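The block underneath contains the structure these notes are about, expressed in structure tokens.
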Amino acid sequence: MSSDQRDTIETICPYCGVGCGIKISQGDERGDVRFRPWGNAPVNEGRICIKGGAATEVVDHEDRLTDPLIRDDGEFREATWEEAYEYVVSELERIRDQYGPDAMGFFGSSKTMNEENYLLQKLARRYGTNNVDNCTRMCHASTVWALRTSLGAGAMTNSMADLREECDLFWIQGANPGEQHPIANSQYFRQAVLDGATVIQVDPHANKTTRSFEIDDTDRHQHLQLNPGTDIPLLNIVLKTILEHHEDRPEDGWIDETFVEERTDGFDDLQETLEGFDNEAAAEECGVPLEEIELAAEKYAEADNAAIFTGMGMSQHRCGVDNVQNEINLALITGNLGRPGTGVNPLRGQNNVQGTCDVGAMPNVLPGYQLVDDDEARERVEDVWGFEIPDEPGLTNVEISHEFGNSVHGLYVVGENPVMSEPDANQVAERIKDLEFLVVQDIFLTETAAYADVVLPATSWAERDGTVTNTDRRVQRMRGVEKVHENTKHDLEILSEIGSRLFDGDESGSTESQAVPGGGFAFDDPESVFEELREVCPIYHGMSYDALGTEGLHWPCYVPGDEGDPYLYAEEFETESGLGRIEGVSHTLPAETPDDEYPLILTTARVEEHYNTGTMSRRSPTLERQVPENVVDIHPADAERYGVEDGDEVTLSSRRGEIEVVAQVTEDTKEGVVWTTPHFAAASANRLTNDVLDDKAKIPEYKAAAAEIEVD
Ligand code: SF4
């Protein structure tokens, strides 16, 4: 077959949560997997960013794992699958028998699909623990918590398409779609802006989002460049400005009184919280002129349809839940929810981070966000699975890693890289050595896999079938080409085999293939897993592989034939009372603030060309060429103070470690604030970040730490 005659397969880009459709084709040789544009793909209509275009480069990378590895006398040796399975199963049994099921932790990943994460969390629960979590703990756990508690669902309230058509004002706080969600930014948000929409960006760092909208035109767009960790005071100024204006001029309708009265609860609490609030002092703390914040408040309140976009600049703080609650407060008092073009919309970072949460790979919820400590919900799932589910929420990712060698003795990692992705990473690398058993399932020997007792070689995104759920709740099919390395296995195959060896044949399990719902782990294919998933996950219940077709479907999709909802809460919120919950919040300072020893504030972010811990993007020649090393952004005034010149190699340090990076002297960052990224192993920001947690959602405070800089 000549190259231009090759069949192409429609699938989804493996990187960010936008969920762009791409095509891939299989060449004459196994492993010759090529990117092809998909002209009328449902989300991106053929457009693609640099990461999506380069995604196939890693599929046949020379570093791919090709055979199982077992550690013997400190060194890895190749093993057969039979040896590897026997070892994993016997160690899982030993740890459960010796210490009990809560001595194991299970980490799912947003690089893997709904079916795979579903099976992993079912495996953990069948094992007897709710110690199962995924990388959303590092990115949007606080957002999910606040949205679920106050509105009903931990997801974008609206969809990208309705925002493009109907939104008049985009309030983008702590998110950088110009860099992290390039196609959403260019195709949806920018299109709305060209049609007249306004952008208010709230971010300590000027970035590609700032530049893509030319946010220097204060008559229309604004960039409020606040100090890291001051999002609550800034939003409190906005809220108080709106409340005070409404008292003087209720006829302007800045507060939607009918909406507040009929559809919300807690307005009094917000008023009380803001009673003695001092706007001028707060503006000073934020480092933004008060009149700029008041102008932004006016624009938001005056817009017919205003939508809030929220990202990790908001969620990755020890007050992450409160940060997002304040965004919810703003949307609720102005009636900007339950209609097209409005809402509170988390932009999810990874291709399946939404779905990984949806299918229950979290310690406190079962598939469909049903709480593990809700007896009725648990019993509904138990009826399908046929075994008892532990009724107490388990430990989160970071809590599990804090317990390595204490209460946690074993860890099963699928597609994650906690040695780089968790805060205070030097300590994680030390503590992981205290585990008695570590199994890692991945496509490369990651920084975490290097510590493993067993490494199971999985297939890549381009070789597997299944579904993923993008940032606006659209569930889409992914399809794979032939396996690149014969002796690798799909994640689903591996989990199914381990689950079957551990449990099938027990009275609660079955060795029969689970083409229909049941308690076992033997499945013929991803579709049969999806069929079981929809039985226990009400928001997916109306879906099937056939119904997903090419376009996919938004959840909630409760019954077959539902089209899925592009925006939520048209009639009522999905809280117990049906009301949206308003709750006033007060400022919590970052756990570390600058002092004589560490006089700067360190904040972190990602760049367009790389993806999280870089296991894939650092192996992509195109992406590596564009951004080959880590940098630190430093303001010119600080550069002069510390004798740093543009391009200098510097040591950036915090109380937890130091990294060597190249200085970029730029006004993109504020005076007193240095900015760097987590993508590069030897110089990852996470060697410096603080592992203090939000007390509700247990998300770490990646976005603010005290730091110092020295020229090497
Ligand atoms: Fe992939 Fe996101 Fe780029 Fe789309 S915007 S091509 S999903 S990385």
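FYI, nothing fancy with the structure tokens labels: chains A, B, ... in order, residues from 1 per chain, ligands from 1 as they appear.
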Please tabulate, as a tab-separated table, the residues of chain A that come within 10 Å of ligand 1, each with its closest pair of atoms and the distance in Å to one decimal, counting only C-alpha atoms and all ligand atoms and ordering rows by chain, then residue number upward.
```
residue	atom	partner	partner_atom_place_in_ligand_line	distance
A:Ile12	CA	ligand 1	7 (S)	7.3
A:Cys13	CA	ligand 1	1 (Fe)	4.6
A:Pro14	CA	ligand 1	1 (Fe)	6.4
A:Tyr15	CA	ligand 1	8 (S)	4.6
A:Cys16	CA	ligand 1	2 (Fe)	3.9
A:Gly17	CA	ligand 1	7 (S)	5.8
A:Val18	CA	ligand 1	7 (S)	4.5
A:Gly19	CA	ligand 1	7 (S)	4.4
A:Cys20	CA	ligand 1	4 (Fe)	4.3
A:Gly21	CA	ligand 1	7 (S)	7.5
A:Ile22	CA	ligand 1	6 (S)	7.9
A:Val43	CA	ligand 1	4 (Fe)	8.6
A:Asn44	CA	ligand 1	4 (Fe)	7.0
A:Gly46	CA	ligand 1	6 (S)	9.4
A:Arg47	CA	ligand 1	6 (S)	7.4
A:Ile48	CA	ligand 1	6 (S)	4.3
A:Cys49	CA	ligand 1	3 (Fe)	4.2
A:Ile50	CA	ligand 1	3 (Fe)	6.5
A:Lys51	CA	ligand 1	8 (S)	5.0
A:Gly52	CA	ligand 1	6 (S)	3.7
A:Gly53	CA	ligand 1	6 (S)	6.7
A:Ala54	CA	ligand 1	6 (S)	9.0
A:Ala55	CA	ligand 1	1 (Fe)	8.1
A:Pro177	CA	ligand 1	5 (S)	8.8
A:Gly178	CA	ligand 1	5 (S)	9.3
A:Glu179	CA	ligand 1	5 (S)	8.8
A:Gln180	CA	ligand 1	2 (Fe)	7.1
A:His181	CA	ligand 1	5 (S)	4.7
A:Pro182	CA	ligand 1	5 (S)	4.6
A:Ile183	CA	ligand 1	5 (S)	4.2
A:Ala184	CA	ligand 1	5 (S)	6.4
A:Asn185	CA	ligand 1	5 (S)	8.3
A:Ser186	CA	ligand 1	5 (S)	9.1
A:Gln187	CA	ligand 1	5 (S)	9.7
A:Gly349	CA	ligand 1	2 (Fe)	8.4
A:Gln350	CA	ligand 1	2 (Fe)	8.1
A:Asn351	CA	ligand 1	7 (S)	6.7
A:Asn470	CA	ligand 1	7 (S)	8.6
A:Thr471	CA	ligand 1	7 (S)	9.8
A:Glu608	CA	ligand 1	8 (S)	8.2
A:Glu609	CA	ligand 1	8 (S)	8.9
A:His610	CA	ligand 1	8 (S)	9.4
A:Tyr611	CA	ligand 1	8 (S)	8.6
```
Residues as selected, C-alpha atoms, written as a PDB file, in the first residue's frame, can you do that?
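The file below, out.pdb, is the result:
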```pdb
ATOM      1  CA  ILE A  12      -8.141  12.335  19.976  1.00  0.00           C
ATOM      2  CA  CYS A  13      -4.969  14.286  20.706  1.00  0.00           C
ATOM      3  CA  PRO A  14      -3.324  12.811  23.829  1.00  0.00           C
ATOM      4  CA  TYR A  15      -2.257  16.107  25.366  1.00  0.00           C
ATOM      5  CA  CYS A  16      -4.568  18.815  26.747  1.00  0.00           C
ATOM      6  CA  GLY A  17      -8.217  18.738  27.780  1.00  0.00           C
ATOM      7  CA  VAL A  18      -9.564  20.527  24.706  1.00  0.00           C
ATOM      8  CA  GLY A  19     -10.015  17.135  23.058  1.00  0.00           C
ATOM      9  CA  CYS A  20      -9.014  17.973  19.498  1.00  0.00           C
ATOM     10  CA  GLY A  21      -9.666  15.297  16.908  1.00  0.00           C
ATOM     11  CA  ILE A  22      -6.711  14.099  14.867  1.00  0.00           C
ATOM     12  CA  VAL A  43     -14.059  20.177  18.511  1.00  0.00           C
ATOM     13  CA  ASN A  44     -11.191  21.680  16.531  1.00  0.00           C
ATOM     14  CA  GLY A  46      -9.021  20.564  11.676  1.00  0.00           C
ATOM     15  CA  ARG A  47      -6.923  23.068  13.607  1.00  0.00           C
ATOM     16  CA  ILE A  48      -4.101  21.752  15.727  1.00  0.00           C
ATOM     17  CA  CYS A  49      -1.427  23.205  18.029  1.00  0.00           C
ATOM     18  CA  ILE A  50       2.257  22.347  18.137  1.00  0.00           C
ATOM     19  CA  LYS A  51       1.818  19.562  20.714  1.00  0.00           C
ATOM     20  CA  GLY A  52      -1.014  17.880  18.838  1.00  0.00           C
ATOM     21  CA  GLY A  53       0.926  18.002  15.566  1.00  0.00           C
ATOM     22  CA  ALA A  54       3.948  16.373  17.229  1.00  0.00           C
ATOM     23  CA  ALA A  55       2.046  13.763  19.263  1.00  0.00           C
ATOM     24  CA  PRO A 177      -5.586  29.134  27.538  1.00  0.00           C
ATOM     25  CA  GLY A 178      -3.297  30.920  25.059  1.00  0.00           C
ATOM     26  CA  GLU A 179      -0.573  28.530  26.189  1.00  0.00           C
ATOM     27  CA  GLN A 180      -2.330  25.532  27.751  1.00  0.00           C
ATOM     28  CA  HIS A 181      -5.460  25.207  25.612  1.00  0.00           C
ATOM     29  CA  PRO A 182      -4.326  26.840  22.385  1.00  0.00           C
ATOM     30  CA  ILE A 183      -7.135  25.613  20.154  1.00  0.00           C
ATOM     31  CA  ALA A 184      -9.873  26.559  22.650  1.00  0.00           C
ATOM     32  CA  ASN A 185      -8.243  29.957  22.890  1.00  0.00           C
ATOM     33  CA  SER A 186      -7.849  30.577  19.179  1.00  0.00           C
ATOM     34  CA  GLN A 187     -10.953  28.911  17.877  1.00  0.00           C
ATOM     35  CA  GLY A 349      -5.135  20.288  31.693  1.00  0.00           C
ATOM     36  CA  GLN A 350      -4.950  16.726  30.421  1.00  0.00           C
ATOM     37  CA  ASN A 351      -6.764  14.867  27.723  1.00  0.00           C
ATOM     38  CA  ASN A 470     -12.633  16.567  27.462  1.00  0.00           C
ATOM     39  CA  THR A 471     -12.767  19.786  29.427  1.00  0.00           C
ATOM     40  CA  GLU A 608       2.765  25.438  25.518  1.00  0.00           C
ATOM     41  CA  GLU A 609       5.477  23.135  24.197  1.00  0.00           C
ATOM     42  CA  HIS A 610       5.635  20.786  27.177  1.00  0.00           C
ATOM     43  CA  TYR A 611       3.244  18.605  29.066  1.00  0.00           C
TER      44      TYR A 611
END
```
Among range 221-286 of chain A, which ones does DSSP assign to helix (DSSP H, G or I) (computed from the backbone)? Answer as a ChimeraX atom specification. /A:231-248,250-252,257-263,267-274,279-286
Range 392-396 of chain A surroundings by only C-alpha atoms, 12 Å radius, close-in-sequence under 3 positions cut, as a ChimeraX atom specification: /A:101-108,121,124-125,128-138,141,360-366,370-375,378,389,399-404,407-408,422,693-700
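Proximity to Ala301 in chain A was assessed for A:Val359, A:Phe170, A:Ser159, A:Thr273 counting only C-alpha atoms; the smallest distance is recorded for A:Phe170.
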Just checking: using only C-alpha atoms, which residue out of A:Glu83, A:Asp391, A:Glu493, A:Glu244 ends up closest to Asp67 in chain A? A:Glu83
Hey, what's within 6 Å of range 561-574 of chain A if we count only C-alpha atoms and toss same-chain stuff fewer than 3 positions away? As an mmCIF file with C-alpha atoms, in the first residue's frame, please?
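The result, stored in out_14.cif:
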```cif
data_model
loop_
_atom_site.group_PDB
_atom_site.id
_atom_site.type_symbol
_atom_site.label_atom_id
_atom_site.label_comp_id
_atom_site.auth_asym_id
_atom_site.auth_seq_id
_atom_site.Cartn_x
_atom_site.Cartn_y
_atom_site.Cartn_z
ATOM 1 C CA LEU A 151 -23.540 23.850 42.228
ATOM 2 C CA GLY A 152 -23.742 20.069 41.905
ATOM 3 C CA THR A 157 -20.915 24.481 33.617
ATOM 4 C CA ASN A 158 -20.928 25.461 29.940
ATOM 5 C CA SER A 159 -19.399 24.259 26.709
ATOM 6 C CA GLY A 338 -27.728 28.289 33.899
ATOM 7 C CA LEU A 553 -21.751 13.349 23.730
ATOM 8 C CA HIS A 554 -21.700 15.790 26.630
ATOM 9 C CA TRP A 555 -22.629 14.468 30.037
ATOM 10 C CA PRO A 556 -25.026 14.363 31.815
ATOM 11 C CA CYS A 557 -26.616 11.852 29.496
ATOM 12 C CA GLY A 578 -31.599 22.602 44.341
ATOM 13 C CA LEU A 579 -30.104 26.008 45.206
ATOM 14 C CA GLY A 580 -26.697 27.409 44.318
#
```
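When CA of Val674 in chain A is paired with CA of Ile232 in chain A, their separation reads 20.9 Å.
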With only C-alpha atoms as the atoms that count, which of A:Glu302, A:Asp203, A:Glu497, A:Glu376 lies nearest to Pro228 in chain A? A:Asp203
DSSP on the backbone: which residues in range 132-195 of chain A end up as strand (DSSP E)? Give the answer as a VMD selection string. chain A and resid 132 to 133 169 to 173
Shell around Gly415 in chain A at 10 Å using only C-alpha atoms, local window under 6 positions removed, as a ChimeraX atom specification: /A:107-112,134-135,440-444,446,448-449,458,491,615
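Using only C-alpha atoms, the smallest distance between any of A:Lys299, A:Leu163, A:Arg641, A:Glu486 and Asp195 in chain A comes from A:Leu163.
Remark: for Phe680 in chain A, the closest of the candidate residues A:Ile498, A:Ala704, A:Met616, A:Val89 is A:Met616 (distances computed over only C-alpha atoms).
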